[in-house]
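File shown: coords15.cif (mmCIF, C-alpha atoms and all ligand atoms).
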```
data_structure
#
loop_
_atom_site.group_PDB
_atom_site.id
_atom_site.type_symbol
_atom_site.label_atom_id
_atom_site.label_comp_id
_atom_site.auth_asym_id
_atom_site.auth_seq_id
_atom_site.Cartn_x
_atom_site.Cartn_y
_atom_site.Cartn_z
ATOM 1 C CA MET A 1474 -31.613 -20.789 2.003
ATOM 2 C CA ALA A 1475 -30.506 -21.398 -1.549
ATOM 3 C CA GLU A 1476 -27.102 -20.011 -0.610
ATOM 4 C CA GLU A 1477 -26.812 -22.336 2.375
ATOM 5 C CA ALA A 1478 -27.600 -25.349 0.253
ATOM 6 C CA GLY A 1479 -25.033 -24.185 -2.297
ATOM 7 C CA SER A 1480 -22.329 -23.782 0.307
ATOM 8 C CA LYS A 1481 -22.704 -27.409 1.409
ATOM 9 C CA ALA A 1482 -22.558 -28.817 -2.090
ATOM 10 C CA GLY A 1483 -19.934 -31.516 -2.435
ATOM 11 C CA CYS A 1484 -19.477 -32.145 1.288
ATOM 12 C CA HIS A 1485 -20.552 -35.243 3.194
ATOM 13 C CA VAL A 1486 -19.779 -33.675 6.600
ATOM 14 C CA ASP A 1487 -22.335 -31.324 8.126
ATOM 15 C CA LEU A 1488 -20.718 -28.408 9.946
ATOM 16 C CA THR A 1489 -23.696 -26.078 9.689
ATOM 17 C CA GLY A 1490 -23.649 -23.430 12.412
ATOM 18 C CA GLN A 1491 -20.077 -24.234 13.443
ATOM 19 C CA THR A 1492 -17.045 -21.975 13.550
ATOM 20 C CA ALA A 1493 -13.767 -23.341 12.175
ATOM 21 C CA LEU A 1494 -10.429 -21.585 12.624
ATOM 22 C CA VAL A 1495 -7.772 -22.500 10.044
ATOM 23 C CA THR A 1496 -4.200 -21.213 10.245
ATOM 24 C CA GLY A 1497 -2.134 -20.732 7.102
ATOM 25 C CA ALA A 1498 -5.375 -20.358 5.136
ATOM 26 C CA SER A 1499 -3.951 -18.063 2.466
ATOM 27 C CA ARG A 1500 -2.467 -20.698 0.153
ATOM 28 C CA GLY A 1501 -1.903 -24.351 -0.581
ATOM 29 C CA ILE A 1502 -3.242 -26.919 1.846
ATOM 30 C CA GLY A 1503 -4.684 -24.335 4.249
ATOM 31 C CA ARG A 1504 -6.720 -22.684 1.510
ATOM 32 C CA ALA A 1505 -8.109 -26.054 0.385
ATOM 33 C CA ILE A 1506 -9.032 -26.878 4.001
ATOM 34 C CA ALA A 1507 -10.737 -23.503 4.519
ATOM 35 C CA VAL A 1508 -12.721 -23.855 1.280
ATOM 36 C CA LYS A 1509 -13.707 -27.427 2.150
ATOM 37 C CA LEU A 1510 -14.876 -26.661 5.698
ATOM 38 C CA ALA A 1511 -16.883 -23.706 4.379
ATOM 39 C CA ALA A 1512 -18.437 -26.009 1.785
ATOM 40 C CA CYS A 1513 -19.432 -28.260 4.685
ATOM 41 C CA GLY A 1514 -21.335 -25.323 6.182
ATOM 42 C CA ALA A 1515 -18.834 -23.928 8.699
ATOM 43 C CA ARG A 1516 -18.145 -20.246 9.198
ATOM 44 C CA VAL A 1517 -14.409 -20.110 8.499
ATOM 45 C CA VAL A 1518 -11.931 -17.885 10.300
ATOM 46 C CA GLY A 1519 -8.722 -17.874 8.281
ATOM 47 C CA VAL A 1520 -5.360 -16.803 9.666
ATOM 48 C CA ALA A 1521 -2.210 -15.788 7.771
ATOM 49 C CA ARG A 1522 0.475 -13.157 8.171
ATOM 50 C CA SER A 1523 -1.404 -10.582 6.104
ATOM 51 C CA LEU A 1524 -5.021 -9.870 5.198
ATOM 52 C CA GLU A 1525 -4.073 -9.265 1.571
ATOM 53 C CA ALA A 1526 -2.738 -12.814 1.326
ATOM 54 C CA LEU A 1527 -6.046 -14.163 2.646
ATOM 55 C CA GLU A 1528 -8.228 -12.310 0.166
ATOM 56 C CA GLY A 1529 -8.252 -15.058 -2.479
ATOM 57 C CA THR A 1530 -9.403 -17.675 0.033
ATOM 58 C CA LEU A 1531 -12.104 -15.442 1.509
ATOM 59 C CA GLU A 1532 -13.384 -14.522 -1.964
ATOM 60 C CA ALA A 1533 -13.515 -18.166 -3.065
ATOM 61 C CA ILE A 1534 -15.563 -19.091 0.006
ATOM 62 C CA ARG A 1535 -17.949 -16.150 -0.333
ATOM 63 C CA ALA A 1536 -18.387 -16.746 -4.074
ATOM 64 C CA ALA A 1537 -19.600 -20.267 -3.231
ATOM 65 C CA GLY A 1538 -22.119 -18.871 -0.735
ATOM 66 C CA GLY A 1539 -20.054 -19.560 2.377
ATOM 67 C CA GLU A 1540 -19.095 -17.352 5.308
ATOM 68 C CA ALA A 1541 -15.492 -16.388 6.009
ATOM 69 C CA GLU A 1542 -13.363 -13.753 7.646
ATOM 70 C CA GLY A 1543 -9.653 -13.235 7.958
ATOM 71 C CA TYR A 1544 -7.158 -12.306 10.642
ATOM 72 C CA ALA A 1545 -3.576 -11.210 10.126
ATOM 73 C CA ALA A 1546 -1.428 -12.875 12.774
ATOM 74 C CA ASP A 1547 1.919 -14.541 13.255
ATOM 75 C CA VAL A 1548 1.160 -17.957 14.746
ATOM 76 C CA SER A 1549 4.439 -17.921 16.673
ATOM 77 C CA SER A 1550 3.418 -14.782 18.602
ATOM 78 C CA ALA A 1551 1.506 -15.450 21.835
ATOM 79 C CA GLU A 1552 0.081 -11.890 21.712
ATOM 80 C CA ASP A 1553 -1.208 -12.339 18.151
ATOM 81 C CA VAL A 1554 -2.770 -15.697 18.944
ATOM 82 C CA LYS A 1555 -4.504 -14.350 22.066
ATOM 83 C CA ARG A 1556 -5.831 -11.332 20.132
ATOM 84 C CA VAL A 1557 -7.339 -13.538 17.409
ATOM 85 C CA VAL A 1558 -8.854 -16.124 19.725
ATOM 86 C CA ASP A 1559 -10.258 -13.549 22.176
ATOM 87 C CA ASP A 1560 -11.863 -11.676 19.294
ATOM 88 C CA VAL A 1561 -13.351 -14.788 17.677
ATOM 89 C CA GLU A 1562 -14.715 -16.002 21.023
ATOM 90 C CA ALA A 1563 -16.246 -12.593 21.750
ATOM 91 C CA LYS A 1564 -17.956 -12.622 18.339
ATOM 92 C CA TYR A 1565 -19.114 -16.220 18.089
ATOM 93 C CA GLN A 1566 -18.782 -17.630 21.667
ATOM 94 C CA LYS A 1567 -17.674 -21.044 20.419
ATOM 95 C CA ILE A 1568 -14.903 -22.379 18.213
ATOM 96 C CA HIS A 1569 -15.854 -25.888 17.138
ATOM 97 C CA VAL A 1570 -12.959 -26.764 14.829
ATOM 98 C CA LEU A 1571 -9.290 -25.732 14.962
ATOM 99 C CA VAL A 1572 -6.902 -26.656 12.155
ATOM 100 C CA ASN A 1573 -3.246 -25.857 12.828
ATOM 101 C CA ASN A 1574 -1.870 -25.849 9.307
ATOM 102 C CA ALA A 1575 0.537 -22.869 9.112
ATOM 103 C CA GLY A 1576 4.042 -24.126 8.519
ATOM 104 C CA VAL A 1577 7.375 -23.355 6.914
ATOM 105 C CA THR A 1578 10.535 -25.144 5.813
ATOM 106 C CA LYS A 1579 14.113 -23.873 6.099
ATOM 107 C CA ASP A 1580 15.985 -26.899 4.826
ATOM 108 C CA GLY A 1581 19.667 -27.683 5.156
ATOM 109 C CA LEU A 1582 21.923 -30.434 6.410
ATOM 110 C CA MET A 1583 22.116 -30.563 10.194
ATOM 111 C CA LEU A 1584 25.877 -29.891 10.431
ATOM 112 C CA ARG A 1585 25.461 -26.634 8.521
ATOM 113 C CA MET A 1586 22.128 -25.553 9.982
ATOM 114 C CA GLU A 1587 22.073 -22.020 11.406
ATOM 115 C CA ASP A 1588 20.394 -21.362 14.754
ATOM 116 C CA ASP A 1589 17.843 -19.089 13.069
ATOM 117 C CA ALA A 1590 16.729 -21.823 10.691
ATOM 118 C CA TRP A 1591 16.138 -24.103 13.683
ATOM 119 C CA ASP A 1592 14.366 -21.457 15.782
ATOM 120 C CA ASP A 1593 12.101 -20.111 13.024
ATOM 121 C CA VAL A 1594 10.836 -23.529 11.993
ATOM 122 C CA MET A 1595 10.292 -24.683 15.579
ATOM 123 C CA ASN A 1596 8.564 -21.419 16.512
ATOM 124 C CA ILE A 1597 6.125 -21.410 13.605
ATOM 125 C CA ASN A 1598 5.447 -25.131 13.188
ATOM 126 C CA LEU A 1599 5.527 -26.347 16.791
ATOM 127 C CA LYS A 1600 5.149 -23.369 19.116
ATOM 128 C CA GLY A 1601 2.475 -21.871 16.833
ATOM 129 C CA THR A 1602 0.499 -25.108 17.034
ATOM 130 C CA PHE A 1603 0.874 -25.180 20.831
ATOM 131 C CA LEU A 1604 -0.218 -21.536 21.183
ATOM 132 C CA PHE A 1605 -3.404 -22.047 19.164
ATOM 133 C CA CYS A 1606 -4.171 -25.371 20.891
ATOM 134 C CA ARG A 1607 -3.809 -23.711 24.297
ATOM 135 C CA ALA A 1608 -5.910 -20.655 23.467
ATOM 136 C CA VAL A 1609 -8.642 -22.433 21.496
ATOM 137 C CA GLY A 1610 -8.509 -25.458 23.832
ATOM 138 C CA ALA A 1611 -9.706 -23.182 26.662
ATOM 139 C CA VAL A 1612 -12.631 -21.977 24.524
ATOM 140 C CA MET A 1613 -13.506 -25.556 23.562
ATOM 141 C CA MET A 1614 -13.325 -26.675 27.219
ATOM 142 C CA ARG A 1615 -15.911 -24.028 28.088
ATOM 143 C CA GLY A 1616 -18.071 -25.234 25.189
ATOM 144 C CA ARG A 1617 -17.611 -28.923 26.123
ATOM 145 C CA TYR A 1618 -16.948 -29.740 22.467
ATOM 146 C CA GLY A 1619 -14.161 -29.461 19.954
ATOM 147 C CA ARG A 1620 -12.258 -30.901 17.038
ATOM 148 C CA ILE A 1621 -8.563 -30.097 16.782
ATOM 149 C CA ILE A 1622 -6.682 -31.219 13.689
ATOM 150 C CA ASN A 1623 -2.951 -30.586 13.567
ATOM 151 C CA ILE A 1624 -1.032 -30.836 10.298
ATOM 152 C CA SER A 1625 2.247 -32.711 10.692
ATOM 153 C CA SER A 1626 4.172 -34.371 7.850
ATOM 154 C CA VAL A 1627 5.555 -37.738 6.827
ATOM 155 C CA SER A 1628 8.910 -36.081 7.681
ATOM 156 C CA GLY A 1629 7.735 -36.030 11.292
ATOM 157 C CA ILE A 1630 7.042 -39.767 11.209
ATOM 158 C CA ARG A 1631 10.128 -41.013 9.364
ATOM 159 C CA GLY A 1632 12.636 -38.142 9.352
ATOM 160 C CA ASN A 1633 14.069 -36.713 6.145
ATOM 161 C CA PRO A 1634 17.693 -35.764 5.382
ATOM 162 C CA GLY A 1635 18.009 -31.984 5.081
ATOM 163 C CA GLN A 1636 15.034 -31.358 7.341
ATOM 164 C CA ALA A 1637 16.311 -31.810 10.918
ATOM 165 C CA ASN A 1638 14.437 -28.701 12.074
ATOM 166 C CA TYR A 1639 11.270 -29.434 10.099
ATOM 167 C CA SER A 1640 11.154 -33.145 11.033
ATOM 168 C CA ALA A 1641 11.719 -32.314 14.706
ATOM 169 C CA SER A 1642 8.943 -29.714 14.634
ATOM 170 C CA LYS A 1643 6.521 -32.094 12.922
ATOM 171 C CA ALA A 1644 7.389 -35.001 15.244
ATOM 172 C CA GLY A 1645 6.794 -32.522 18.072
ATOM 173 C CA VAL A 1646 3.342 -31.775 16.683
ATOM 174 C CA ILE A 1647 2.533 -35.492 16.958
ATOM 175 C CA GLY A 1648 3.717 -35.708 20.596
ATOM 176 C CA LEU A 1649 1.857 -32.535 21.496
ATOM 177 C CA SER A 1650 -1.327 -33.823 19.852
ATOM 178 C CA GLN A 1651 -1.224 -37.228 21.543
ATOM 179 C CA THR A 1652 -0.752 -35.579 24.921
ATOM 180 C CA ILE A 1653 -3.509 -33.010 24.589
ATOM 181 C CA ALA A 1654 -5.825 -35.639 23.099
ATOM 182 C CA ARG A 1655 -5.613 -37.312 26.517
ATOM 183 C CA GLU A 1656 -5.868 -34.054 28.454
ATOM 184 C CA LEU A 1657 -8.949 -32.767 26.615
ATOM 185 C CA ALA A 1658 -10.866 -35.986 25.937
ATOM 186 C CA SER A 1659 -13.118 -35.780 28.999
ATOM 187 C CA ARG A 1660 -14.609 -32.531 27.636
ATOM 188 C CA GLY A 1661 -15.678 -33.990 24.302
ATOM 189 C CA ILE A 1662 -12.679 -32.617 22.439
ATOM 190 C CA THR A 1663 -10.827 -34.798 19.941
ATOM 191 C CA VAL A 1664 -7.312 -34.104 18.683
ATOM 192 C CA ASN A 1665 -5.990 -35.810 15.572
ATOM 193 C CA VAL A 1666 -3.052 -35.378 13.235
ATOM 194 C CA VAL A 1667 -2.945 -35.448 9.457
ATOM 195 C CA ALA A 1668 0.515 -36.108 8.046
ATOM 196 C CA PRO A 1669 0.691 -35.137 4.366
ATOM 197 C CA GLY A 1670 3.168 -36.758 2.013
ATOM 198 C CA PHE A 1671 4.298 -34.786 -1.045
ATOM 199 C CA ILE A 1672 1.581 -32.258 -1.896
ATOM 200 C CA THR A 1673 1.748 -29.818 -4.810
ATOM 201 C CA THR A 1674 1.886 -26.314 -3.239
ATOM 202 C CA ASP A 1675 4.257 -23.312 -3.065
ATOM 203 C CA MET A 1676 6.233 -25.235 -0.431
ATOM 204 C CA THR A 1677 7.108 -28.040 -2.849
ATOM 205 C CA ASP A 1678 7.107 -26.018 -6.103
ATOM 206 C CA VAL A 1679 10.611 -24.783 -5.254
ATOM 207 C CA LEU A 1680 12.039 -28.302 -5.589
ATOM 208 C CA PRO A 1681 13.736 -29.223 -8.893
ATOM 209 C CA ASP A 1682 11.665 -31.269 -11.363
ATOM 210 C CA LYS A 1683 14.182 -34.115 -11.079
ATOM 211 C CA ILE A 1684 13.485 -34.457 -7.348
ATOM 212 C CA LYS A 1685 9.716 -34.315 -7.937
ATOM 213 C CA ALA A 1686 9.985 -37.094 -10.527
ATOM 214 C CA GLU A 1687 12.047 -39.224 -8.133
ATOM 215 C CA VAL A 1688 9.556 -38.684 -5.310
ATOM 216 C CA LYS A 1689 6.650 -39.598 -7.593
ATOM 217 C CA GLU A 1690 8.413 -42.831 -8.493
ATOM 218 C CA ARG A 1691 8.637 -43.736 -4.774
ATOM 219 C CA ILE A 1692 4.905 -43.126 -4.159
ATOM 220 C CA PRO A 1693 2.908 -46.363 -4.511
ATOM 221 C CA LEU A 1694 -0.107 -44.472 -5.933
ATOM 222 C CA LYS A 1695 2.244 -42.877 -8.504
ATOM 223 C CA ARG A 1696 1.056 -39.310 -8.188
ATOM 224 C CA LEU A 1697 1.870 -36.265 -6.110
ATOM 225 C CA GLY A 1698 -0.908 -35.255 -3.731
ATOM 226 C CA ALA A 1699 -3.261 -32.305 -4.147
ATOM 227 C CA PRO A 1700 -4.221 -29.936 -1.303
ATOM 228 C CA GLU A 1701 -7.788 -31.259 -1.631
ATOM 229 C CA ASP A 1702 -6.568 -34.752 -0.659
ATOM 230 C CA ILE A 1703 -5.584 -33.342 2.726
ATOM 231 C CA ALA A 1704 -8.750 -31.250 3.050
ATOM 232 C CA GLU A 1705 -10.902 -34.385 2.715
ATOM 233 C CA MET A 1706 -9.234 -36.047 5.708
ATOM 234 C CA VAL A 1707 -9.425 -32.842 7.742
ATOM 235 C CA ALA A 1708 -13.169 -32.604 6.985
ATOM 236 C CA PHE A 1709 -13.624 -36.154 8.306
ATOM 237 C CA PHE A 1710 -11.842 -35.316 11.569
ATOM 238 C CA SER A 1711 -13.871 -32.078 11.823
ATOM 239 C CA GLY A 1712 -17.246 -33.781 11.697
ATOM 240 C CA PRO A 1713 -19.454 -36.043 13.808
ATOM 241 C CA ALA A 1714 -18.416 -39.322 12.123
ATOM 242 C CA SER A 1715 -14.964 -39.179 13.775
ATOM 243 C CA SER A 1716 -16.308 -38.682 17.313
ATOM 244 C CA TYR A 1717 -14.675 -41.891 18.674
ATOM 245 C CA VAL A 1718 -11.253 -41.213 17.152
ATOM 246 C CA THR A 1719 -8.666 -39.194 19.058
ATOM 247 C CA GLY A 1720 -4.888 -39.000 19.320
ATOM 248 C CA GLN A 1721 -4.424 -40.614 15.912
ATOM 249 C CA VAL A 1722 -1.990 -39.835 13.130
ATOM 250 C CA VAL A 1723 -3.137 -40.466 9.573
ATOM 251 C CA ALA A 1724 -0.662 -40.197 6.727
ATOM 252 C CA VAL A 1725 -2.269 -38.911 3.540
ATOM 253 C CA ASP A 1726 0.665 -39.704 1.320
ATOM 254 C CA GLY A 1727 -0.276 -42.041 -1.535
ATOM 255 C CA GLY A 1728 1.285 -44.895 0.427
ATOM 256 C CA MET A 1729 4.720 -43.261 0.813
ATOM 257 C CA THR A 1730 5.162 -44.433 4.412
ATOM 258 C CA VAL A 1731 3.872 -47.984 3.917
HETATM 259 P P1 LIG B 1801 2.509 -23.142 1.827
HETATM 260 O O1 LIG B 1801 1.826 -23.224 0.504
HETATM 261 O O2 LIG B 1801 3.902 -22.666 1.893
HETATM 262 O O3 LIG B 1801 1.585 -22.254 2.806
HETATM 263 C C1 LIG B 1801 2.003 -22.021 4.123
HETATM 264 C C2 LIG B 1801 0.906 -21.300 4.859
HETATM 265 O O4 LIG B 1801 1.362 -21.039 6.207
HETATM 266 C C3 LIG B 1801 0.560 -19.972 4.237
HETATM 267 O O5 LIG B 1801 -0.823 -19.762 4.343
HETATM 268 C C4 LIG B 1801 1.318 -18.987 5.112
HETATM 269 O O6 LIG B 1801 0.688 -17.739 5.148
HETATM 270 C C5 LIG B 1801 1.204 -19.657 6.471
HETATM 271 N N1 LIG B 1801 2.227 -19.197 7.412
HETATM 272 C C6 LIG B 1801 3.567 -19.397 7.339
HETATM 273 N N2 LIG B 1801 4.169 -18.829 8.392
HETATM 274 C C7 LIG B 1801 3.191 -18.257 9.144
HETATM 275 C C8 LIG B 1801 3.183 -17.519 10.368
HETATM 276 N N3 LIG B 1801 4.313 -17.253 11.033
HETATM 277 N N4 LIG B 1801 1.995 -17.084 10.846
HETATM 278 C C9 LIG B 1801 0.854 -17.321 10.164
HETATM 279 N N5 LIG B 1801 0.788 -18.032 9.022
HETATM 280 C C10 LIG B 1801 1.955 -18.482 8.519
HETATM 281 O O7 LIG B 1801 2.517 -24.551 2.556
HETATM 282 P P2 LIG B 1801 1.636 -25.881 2.315
HETATM 283 O O8 LIG B 1801 2.406 -26.768 1.422
HETATM 284 O O9 LIG B 1801 0.244 -25.528 2.008
HETATM 285 O O10 LIG B 1801 1.737 -26.521 3.785
HETATM 286 C C11 LIG B 1801 0.705 -26.410 4.741
HETATM 287 C C12 LIG B 1801 1.056 -27.303 5.917
HETATM 288 O O11 LIG B 1801 1.204 -28.649 5.481
HETATM 289 C C13 LIG B 1801 2.368 -26.932 6.593
HETATM 290 O O12 LIG B 1801 2.271 -27.122 7.986
HETATM 291 C C14 LIG B 1801 3.337 -27.923 6.002
HETATM 292 O O13 LIG B 1801 4.433 -28.159 6.836
HETATM 293 C C15 LIG B 1801 2.463 -29.147 5.859
HETATM 294 N N6 LIG B 1801 2.942 -30.108 4.880
HETATM 295 C C16 LIG B 1801 3.039 -29.788 3.564
HETATM 296 C C17 LIG B 1801 3.502 -30.736 2.671
HETATM 297 C C18 LIG B 1801 3.611 -30.482 1.187
HETATM 298 O O14 LIG B 1801 4.077 -31.371 0.476
HETATM 299 N N7 LIG B 1801 3.225 -29.337 0.691
HETATM 300 C C19 LIG B 1801 3.898 -32.006 3.134
HETATM 301 C C20 LIG B 1801 3.793 -32.290 4.472
HETATM 302 C C21 LIG B 1801 3.301 -31.335 5.343
HETATM 303 P P3 LIG B 1801 1.339 -16.373 4.588
HETATM 304 O O15 LIG B 1801 2.689 -16.684 4.037
HETATM 305 O O16 LIG B 1801 0.369 -15.888 3.571
HETATM 306 O O17 LIG B 1801 1.380 -15.522 5.801
#
```
Using structure tokens, write down the structure from this file.
Amino acid sequence: MAEEAGSKAGCHVDLTGQTALVTGASRGIGRAIAVKLAACGARVVGVARSLEALEGTLEAIRAAGGEAEGYAADVSSAEDVKRVVDDVEAKYQKIHVLVNNAGVTKDGLMLRMEDDAWDDVMNINLKGTFLFCRAVGAVMMRGRYGRIINISSVSGIRGNPGQANYSASKAGVIGLSQTIARELASRGITVNVVAPGFITTDMTDVLPDKIKAEVKERIPLKRLGAPEDIAEMVAFFSGPASSYVTGQVVAVDGGMTV
């Protein structure tokens, strides 16, 4: 019991006894989300392309007294997604929370963008989100309950030069989410979108310091975001307090899109 109490420390959302599946849980925002949901009491199923990459996340959760396991899968592969979801359903019967967080960028100006850069980003960011929503949505329908949280981006709300593929995929995530929010609502399933602004992770570390400084200047709250800022909003949408909210898009961006 002491362990259970420890695992919920620092969380105002009670997910005790629930199973939460988080894609892209190996690093950055996905790791922070996985750690947060575990701290709220959920059993976390983390997905990334390799088990080795997930080890750090799983260890952090277990060290805090939480429960976690990992699956190696490519979110853009229908076979991989089916294998993971079938296995998790067979083990735990229900999946209460799904967070579609896995994502990539392959930036470049539209006129010079290669087909592969378009296809890869659309397949991972948008098709991957669809595949997990479809597979887990069926499990949630059977359970008459669910919380789906899809990670978009401020680039999907406003567009961003150099990110035609990424912005299109993230705008697609919003359209997909609004549609399935309506399709799944009658079964007690909510679907919401969190759109991060500029968050300090591997994805943004590659940008030159000059660009980071310029971005920071444009953010009303005058700081870059941390993965934990996103995890807090995801925890809210995962829990009971958000039960009357569905189909919404919340930018967690320090005011960037105001
Ligand atoms: P990150 O540090 O680059 O991590 C990306 C995660 O996605 C990793 O866990 C990676 O796992 C996983 N992933 C990538 N391709 C995958 C695939 N085909 N199958 C399974 N997993 C895959 O990125 P991040 O900054 O944390 O971003 C997380 C999400 O937030 C993304 O959807 C991103 O678009 C969005 N976002 C980020 C920012 C930001 O400023 N950082 C802003 C707006 C939106 P492995 O590589 O270990 O397999």
Carefully work through the PyMOL selection byres (((not hetatm)) within 7 of (chain B and resi 1801)) for this structure and note down the residues it includes, as a VMD selection string. chain A and resid 1496 to 1503 1520 to 1523 1526 to 1527 1546 to 1549 1574 to 1578 1597 to 1598 1624 to 1627 1668 to 1677
Which stretch 1534-1587 of chain A residues have any atom within 8 Å of an atom of stretch 1636-1643 of chain A, and for each, what is the nearest pair of atoms with distance in Å to one decimal, counting all atoms listed in the file, rows sorted by chain and number, as CSV?
```
residue,atom,partner,partner_atom,distance
A:Val1577,CA,A:Tyr1639,CA,7.9
A:Thr1578,CA,A:Tyr1639,CA,6.1
A:Lys1579,CA,A:Tyr1639,CA,7.4
A:Asp1580,CA,A:Gln1636,CA,5.2
A:Gly1581,CA,A:Gln1636,CA,6.3
A:Leu1582,CA,A:Gln1636,CA,7.0
A:Met1583,CA,A:Ala1637,CA,6.0
```
Go ahead and save the picked residues with C-alpha atoms, as an mmCIF file, in the frame of the given file.
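Dumped to out39.cif:
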```cif
data_model
loop_
_atom_site.group_PDB
_atom_site.id
_atom_site.type_symbol
_atom_site.label_atom_id
_atom_site.label_comp_id
_atom_site.auth_asym_id
_atom_site.auth_seq_id
_atom_site.Cartn_x
_atom_site.Cartn_y
_atom_site.Cartn_z
ATOM 1 C CA VAL A 1577 7.375 -23.355 6.914
ATOM 2 C CA THR A 1578 10.535 -25.144 5.813
ATOM 3 C CA LYS A 1579 14.113 -23.873 6.099
ATOM 4 C CA ASP A 1580 15.985 -26.899 4.826
ATOM 5 C CA GLY A 1581 19.667 -27.683 5.156
ATOM 6 C CA LEU A 1582 21.923 -30.434 6.410
ATOM 7 C CA MET A 1583 22.116 -30.563 10.194
#
```
So which residues get picked by the PyMOL selection byres (((chain A and resi 1728) around 7) and not hetatm) here, written as a PyMOL selection string?
chain A and resi 1692-1694+1726-1727+1729-1731
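In this model, the gap between atom CA of A:Gly1661 and atom CA of A:Arg1516 comes to 20.6 Å.
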Taken to one decimal, the atom CA of A:Gly1601-atom CA of A:Ile1653 distance is 14.8 Å
Name the residues that the PyMOL selection byres (((chain A and resi 1606) around 10) and not hetatm) pulls out of this structure, and write them as an mmCIF file with C-alpha atoms, in the coordinates of the input.
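Dumped to result11.cif:
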```
data_model
loop_
_atom_site.group_PDB
_atom_site.id
_atom_site.type_symbol
_atom_site.label_atom_id
_atom_site.label_comp_id
_atom_site.auth_asym_id
_atom_site.auth_seq_id
_atom_site.Cartn_x
_atom_site.Cartn_y
_atom_site.Cartn_z
ATOM 1 C CA VAL A 1554 -2.770 -15.697 18.944
ATOM 2 C CA LEU A 1571 -9.290 -25.732 14.962
ATOM 3 C CA VAL A 1572 -6.902 -26.656 12.155
ATOM 4 C CA ASN A 1573 -3.246 -25.857 12.828
ATOM 5 C CA LYS A 1600 5.149 -23.369 19.116
ATOM 6 C CA GLY A 1601 2.475 -21.871 16.833
ATOM 7 C CA THR A 1602 0.499 -25.108 17.034
ATOM 8 C CA PHE A 1603 0.874 -25.180 20.831
ATOM 9 C CA LEU A 1604 -0.218 -21.536 21.183
ATOM 10 C CA PHE A 1605 -3.404 -22.047 19.164
ATOM 11 C CA ARG A 1607 -3.809 -23.711 24.297
ATOM 12 C CA ALA A 1608 -5.910 -20.655 23.467
ATOM 13 C CA VAL A 1609 -8.642 -22.433 21.496
ATOM 14 C CA GLY A 1610 -8.509 -25.458 23.832
ATOM 15 C CA ALA A 1611 -9.706 -23.182 26.662
ATOM 16 C CA VAL A 1612 -12.631 -21.977 24.524
ATOM 17 C CA MET A 1613 -13.506 -25.556 23.562
ATOM 18 C CA ILE A 1621 -8.563 -30.097 16.782
ATOM 19 C CA ILE A 1622 -6.682 -31.219 13.689
ATOM 20 C CA ASN A 1623 -2.951 -30.586 13.567
ATOM 21 C CA LEU A 1649 1.857 -32.535 21.496
ATOM 22 C CA SER A 1650 -1.327 -33.823 19.852
ATOM 23 C CA ILE A 1653 -3.509 -33.010 24.589
ATOM 24 C CA VAL A 1664 -7.312 -34.104 18.683
#
```
key: Contacts of A:Lys1685 within 12 Å, only C-alpha atoms, excl. fewer than 3 positions in-chain, as a ChimeraX atom specification   = /A:1671-1673,1677-1682,1688-1692,1695-1698
Once you have the residues from the selection above, write them out as a JSON list (two decimals), keeping the file's coordinate frame, restricted to C-alpha atoms.
```
[["chain", "number", "residue", "atom", "x", "y", "z"],
["A", 1671, "PHE", "CA", 4.30, -34.79, -1.04],
["A", 1672, "ILE", "CA", 1.58, -32.26, -1.90],
["A", 1673, "THR", "CA", 1.75, -29.82, -4.81],
["A", 1677, "THR", "CA", 7.11, -28.04, -2.85],
["A", 1678, "ASP", "CA", 7.11, -26.02, -6.10],
["A", 1679, "VAL", "CA", 10.61, -24.78, -5.25],
["A", 1680, "LEU", "CA", 12.04, -28.30, -5.59],
["A", 1681, "PRO", "CA", 13.74, -29.22, -8.89],
["A", 1682, "ASP", "CA", 11.66, -31.27, -11.36],
["A", 1688, "VAL", "CA", 9.56, -38.68, -5.31],
["A", 1689, "LYS", "CA", 6.65, -39.60, -7.59],
["A", 1690, "GLU", "CA", 8.41, -42.83, -8.49],
["A", 1691, "ARG", "CA", 8.64, -43.74, -4.77],
["A", 1692, "ILE", "CA", 4.90, -43.13, -4.16],
["A", 1695, "LYS", "CA", 2.24, -42.88, -8.50],
["A", 1696, "ARG", "CA", 1.06, -39.31, -8.19],
["A", 1697, "LEU", "CA", 1.87, -36.26, -6.11],
["A", 1698, "GLY", "CA", -0.91, -35.26, -3.73]]
```
Edge lengths and centre, in Å to one decimal, as lines of an AutoDock Vina configuration file: that's what I need for the box along x, y and z that holds all listed atoms of stretch 1711-1719 of chain A plus 6 Å on each side.
```
center_x = -14.1
center_y = -37.0
center_z = 15.4
size_x = 22.8
size_y = 21.8
size_z = 19.4
```
In Å to one decimal, how far is atom CA of A:Gly1514 from atom CA of A:Gly1539?
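Pair atom CA of A:Gly1539 / atom CA of A:Gly1514 returns 7.0 Å.
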Report task. May I have the residues within 10 Å of stretch 1712-1721 of chain A as an MDAnalysis selection string, using all atoms listed in the file and disregarding those fewer than 6 positions away in the same chain? Result -> chainID A and resid 1485:1488 1510 1513 1569:1570 1619:1622 1647:1655 1657:1658 1661:1667
In terms of all atoms listed in the file, the residue from A:Pro1700, A:Gly1538, A:Gly1629, A:Gly1543 at minimal distance from A:Ala1493 is A:Gly1543
Residue with the minimum atom-to-atom distance to A:Thr1492, picked from A:Ala1512, A:Ala1533, A:Val1725, A:Ile1568 with all atoms listed in the file counted, is A:Ile1568
